[in-house]
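Worksheet: one structure, shown below.
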Amino acid sequence: MKKLPIILLAAFAGLTACEDKIDLDIAPGKSFPVLDAWITNEAGLQKIRFTMSVPYTDNNPAPIINDAKITLYDETAGKSYPFAFKDNMYSYDASAAPIGIQGHAYKLHVEYKGEIFEASDTIKRVPAIDSISYKFKTDEESISGKEGYYATMHAKDIEGGPVDYYWIRSYRNDTLRRLEDNFSIDGSYDEGVSDGATFILPLAEGITNYEKPFQKNEKIIVKLFSITHRSHDFLTQVQAQVDAGGLFAKVLENVKTNVKNTTPSGKIKILGWFGASSVSRRERTVK
Amino acid sequence: MLMSLLVIILAAHSTMAQQQRYTVSGYVKDKQNGESLVGISIGKPGTAVGTVTNQYGFYSLTLPAGEHELQFSFMGYAPFKTTVNLNTNKTLDVKLESSSSQLNEVTISGQKQERSVNTLNTSINRLDIAQMKKMPTFMGEVDVLRSIQTLPGVTTVGEGAAGFNVRGGNSDENLILLDEAPVYNSTHMLGFFSVFNPDAVKSLNLIKGGFPAEYGGRASSVLDIRMKDGNNQQFNVNGGIGNIFSRLSVEGPLVKDKSSFIVAARRSYIDVLMKPFVKGDMKDTKLNFYDLTAKANYKFNQNNTLFLSGYFGRDVFGIGKDVNMNWGNSTATIRWNHVFTNRLFLNLTTYYSKYDYSLNFSNGNKKQADEELQGYKWTSNIINYGLKPSFTYYINSGSSLHFGVQGIYYTFKPGTGTGTEGEKERVKVLTDKHALESAVYLDHEWKPTKKFGIQYGGRLSAYQLIGKGTAYYYNDTTPGIRKRLTGTETFDANKLIKGYYYFEPRLSARYALNDHHAVKVAYSRTTQFMHQLSNTASPTPLDIWTPSTNNIKPMVADQYTAGYFYNAPNDSYEFSAEVFYKKTDNQLDYIDNANLQLNQYIEADLLPSEGRAYGLELYAKKDIGKTTGWISYTLSRTERKTPGISLDEWFVNRYDRTHNVNLVLTHTFTKRTSLSANWVYASGTPGTYADNRMEFQDWDIPYNSTEKRNNYRLPAFHRLDLSFTLKGKQLKRWKGEWVFSLYNVYGRRNAYSIYFKQNEDDPNKREAVRLSIIGSIIPGITYNFKF
């Protein structure tokens, strides 16, 4: 949750530590369907993945589930959007008009193996990313000892109104692969201390991978997502589980799901999450 | 109830006192430095009549009128024999002369002393500083907490982890006392070094079970660390220069024989040494700790002695100029020893103890003129004030009463967050909490015959959460899910919010088969009202302590112990075997994704669990000869059951170690050279492994489909440490020694944890990763001096 202090402590403790890849003999577990659904107000293709979980160290991609029927309902506007299966995913082409609208409530409806699953989320407000700046640091100047460009995102929390929750994801050159993820409440880590404030330094400067800073001619891309409180809880739990190293790591726990089986006496359990966001995007090429 | 018991005991004993009896009492001290000597046996040779000095070096022995030969003896001291003619009550202060030339410090000739075969209590380990100094060290530094980890029944979750675990208890279940003031964070540098400066420590007692009624407030153990009084005969300077930090202490008389002081300080200097090598953003990196320990005493007269002691320590960690974290303890103790009559002794302790931390970052130091000041600060603290008058009444030889009261007032500031932007400052304050913990206790130590002895009594504990404060009410529906707030209620200052009251029976008994064999049993109940909230692999300095509330019930532990003790005829070695069974209620656990930091509604994320632990501890120790040391073996299990976690089934705790072996050996080659070795073996700690991964938004999320916690075990832990001591030639007063140490001699990468992640270079590859906190051999050199 409050990631920063833990990162600092881990850095402190990491002075003598070392990590080795090891082989473990783990009994194969039960495989579950996993819903990966995040819709936004962005134009273009909106995608949903539906896969099966696999043993952790299995390096094959997760098997795709292709026989589900997925429909998104805009409950505020009373509209529905069918997501068709194509190219290993379920998608809806929102090129003409975005399906995500700030303030609207959404429900995802999934039919799978004769059972029905539902999940809901709401699209909240998001501020613009005002700019991205960067600074060159030599290996001697940088904390990580890596030479390159270290970027800062400049944005301000929206003042007043309800508490705002954000997800900041950065990319290098294209959005195919994530670079860094950070989560924020009102521009800091806590409600009540930063309403309307500029995003605090660890968040603003958290868009660079310190082990591999940006290089000349690389494009820095940052997306700022508005998320609901529940999605914030879920995503921070995901992050704690994905970054589970170090002296003060969280012990392994299973992340929650918001996908409910609404079939009376339904038997199938689906993992994963359905989230909905407004997105601000900004990019800048290092010159 | 306790008072009526007291009356009965006193009445019973006065009827027994047929013949005229008188009392001889006094203090026993070390002749060379005036330090009071604890646990000295005072006895009539050839009889069972005798006593021992208490924690403050005081003794009282009541005998029939007439002439008595008395012998005072203690390991490492020349025995002192005297004859007293008891025709009236007498005061007899004794100074024992240490038999230690440099050599004898390590090869001690056999003398009768407080052997565990002779004492009433089970499950107590005593170490004095001389023993700790002989053990191999981490980076050449003598360490109190590392040395107790070699004792049976004591484990740790891993290298560098803060805290220790006693008989399957959590690390917050240890009451750590420094001159009777509780210490909340016992380590520097997150767990690598303990906060206690060895130059200022005299001895420690670790009590793992069969707790005397005097102690309360924690469920699993009491680590009672006593500071040196300071040399009241002559000035001494002690110091050490090592590769991590340096120590310096000064002690000496303020008024010879009456008053003395000790001041001891340490400072680490990795960051100072690093400074020339770091540039840029790392330039102002801070990584250091320091502590100051001081004590003074003044003996007003035979019956009144006053002690003042204090500790202040701090860890500082900062990255560049932006980020600054620091945390530390401070304690202050005032103690008054008063002898009312030569049979009634009082120790009155008042103390103050504080633990606080602060986390701060700001662009103030590097911002451009056109940028706005931006900062974020987060602080938290716990403060307590304690008062503890404890009395000992010596009824007659072999019978004494210990009784007293205790009061502790706590205030908690769980967290204050401050955000700064330009001129604007926003503050979020979590409500303060206040609590009062009080107790009255009594126990009777009675040795009616040479063979049989018993200590029985109890402790009435009261705990009150009081205003000014807020009580939160939650509905308790599905376990394992965050509870929903249903209401709050605010309370005015000193108004009772919630109270808990307990009676804690305590019992220890000993039966000696003969001079060399004894069996002992003990039962004790302990309660705990303070809880450290931590759901990471090891507690962090930022994990807050929180008091019991209407939602957090106090923890209660019942422990049963039985043991066999053997002491070889010539005292050449001793052996003990103990078994224990411990049952606990209301140990805290956490819901998944619990938010423990800066959270007003923290109680909604806590779960009570039921615990059980049991085990066998074997211990053999050799004190005499060129080779000395001990070996301990513990076979144990510690488990818990928490509704909403691990399918509601029993699961092993994170700190469970099935087997644990410790071997500590010192061999003295010559007067000037010795070699020490320490070998540890411990079964791997349990861990939860992922058997699945979920692909979600470009993440591979580990998932455990069995939903069972701690379902696997890490590889076993083992490590060998060596240290070689070379003493310098004795020059007038200057004594110097070099200590060369090797930690983790065969460079084993012991697993601290195992976790699952995507490969950094190729995210499509997933791997299990072993994290070793110490992954190589670590050498250390220290030069210690004394003059």
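Letters A, B, ... mark the chains of the structure tokens in the order given; residue numbers begin at 1 per chain; ligand numbers begin at 1, in order shown.
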Polymer residues at most 10 Å from region 741-752 of chain B, only C-alpha atoms, same-chain spacing of 6 or more positions, as a count of residues only: 54
Find the residues of chain B that sit at most 6 Å from chain A; for each, write down the nearest two atoms and how far apart they are in Å, to one decimal. Count only C-alpha atoms. Sort by chain, then by number going up, and give it as a tab-separated table.
residue	atom	partner	partner_atom	distance
B:Lys279	CA	A:Glu141	CA	5.4
B:Gly280	CA	A:Glu141	CA	3.4
B:Asp281	CA	A:Glu141	CA	5.3
B:Met282	CA	A:Ile143	CA	5.5
B:Thr418	CA	A:Val193	CA	5.9
B:Gly419	CA	A:Val193	CA	5.0
B:Arg426	CA	A:Val193	CA	4.9
B:Val427	CA	A:Val193	CA	5.5
B:Lys428	CA	A:Gly192	CA	5.7
B:Thr536	CA	A:Lys250	CA	4.5
B:Ala537	CA	A:Phe248	CA	5.3
B:Ser538	CA	A:Phe248	CA	5.7
B:Asn593	CA	A:Gln237	CA	5.8
B:Thr688	CA	A:Leu252	CA	5.9
B:Asp691	CA	A:Gly29	CA	5.2
B:Asn692	CA	A:Pro55	CA	4.2
B:Arg693	CA	A:Tyr56	CA	4.7
B:Met694	CA	A:Ser53	CA	5.0
B:Phe696	CA	A:Asp36	CA	5.2
B:Ile701	CA	A:Val242	CA	5.9
B:Tyr703	CA	A:Asn254	CA	5.5
B:Ser705	CA	A:Gly29	CA	5.6
B:Lys765	CA	A:Asn59	CA	5.6
B:Arg766	CA	A:Thr57	CA	5.1
B:Glu767	CA	A:Thr57	CA	5.6
B:Ala768	CA	A:Ile22	CA	5.8
B:Val769	CA	A:Lys21	CA	4.5
B:Arg770	CA	A:Asp20	CA	5.2
B:Leu771	CA	A:Glu19	CA	4.6
B:Ser772	CA	A:Cys18	CA	5.3
B:Ile773	CA	A:Ala17	CA	4.1
B:Ile774	CA	A:Ala17	CA	5.3
B:Gly775	CA	A:Cys18	CA	5.8
Distance query Gly26 (chain B) at most 10 Å, only C-alpha atoms, self and fewer than 3 positions along chain excluded, as a PyMOL selection string: chain B and resi 29+53+57-61+90-94+302-303+339+342
Okay, now the selection with C-alpha atoms, as a PDB file, in the first residue's frame?
ATOM      1  CA  LYS B  29      30.431  -6.345  45.380  1.00  0.00           C
ATOM      2  CA  THR B  53      22.173 -12.129  46.243  1.00  0.00           C
ATOM      3  CA  GLY B  57      23.603  -7.545  44.970  1.00  0.00           C
ATOM      4  CA  PHE B  58      21.676  -7.580  48.254  1.00  0.00           C
ATOM      5  CA  TYR B  59      21.276 -10.617  50.466  1.00  0.00           C
ATOM      6  CA  SER B  60      19.571 -11.366  53.754  1.00  0.00           C
ATOM      7  CA  LEU B  61      19.941 -14.558  55.732  1.00  0.00           C
ATOM      8  CA  LYS B  90      24.116  -7.720  61.620  1.00  0.00           C
ATOM      9  CA  THR B  91      25.132  -5.975  58.460  1.00  0.00           C
ATOM     10  CA  LEU B  92      27.927  -7.580  56.488  1.00  0.00           C
ATOM     11  CA  ASP B  93      29.022  -6.101  53.175  1.00  0.00           C
ATOM     12  CA  VAL B  94      31.468  -8.273  51.313  1.00  0.00           C
ATOM     13  CA  GLN B 302      24.091   1.566  54.024  1.00  0.00           C
ATOM     14  CA  ASN B 303      20.349   1.552  53.380  1.00  0.00           C
ATOM     15  CA  VAL B 339      16.705  -1.460  53.002  1.00  0.00           C
ATOM     16  CA  ASN B 342      17.626  -6.123  57.210  1.00  0.00           C
TER      17      ASN B 342
END
Selection: 6 Å around Arg247 (chain B), only C-alpha atoms, excl. self and same-chain fewer than 2 positions, as a ChimeraX atom specification: /B:239-240,265-266
Between CA of Glu737 (chain B) and CA of Gly242 (chain B), distance in Å (one decimal):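 Atom-to-atom, CA of Glu737 (chain B) and CA of Gly242 (chain B) are spaced 11.9 Å apart.
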Closest of A:Leu203, A:Val286, A:Leu45, A:Ala96 to Phe83 (chain A) - atom-to-atom distances counting only C-alpha atoms: A:Leu45
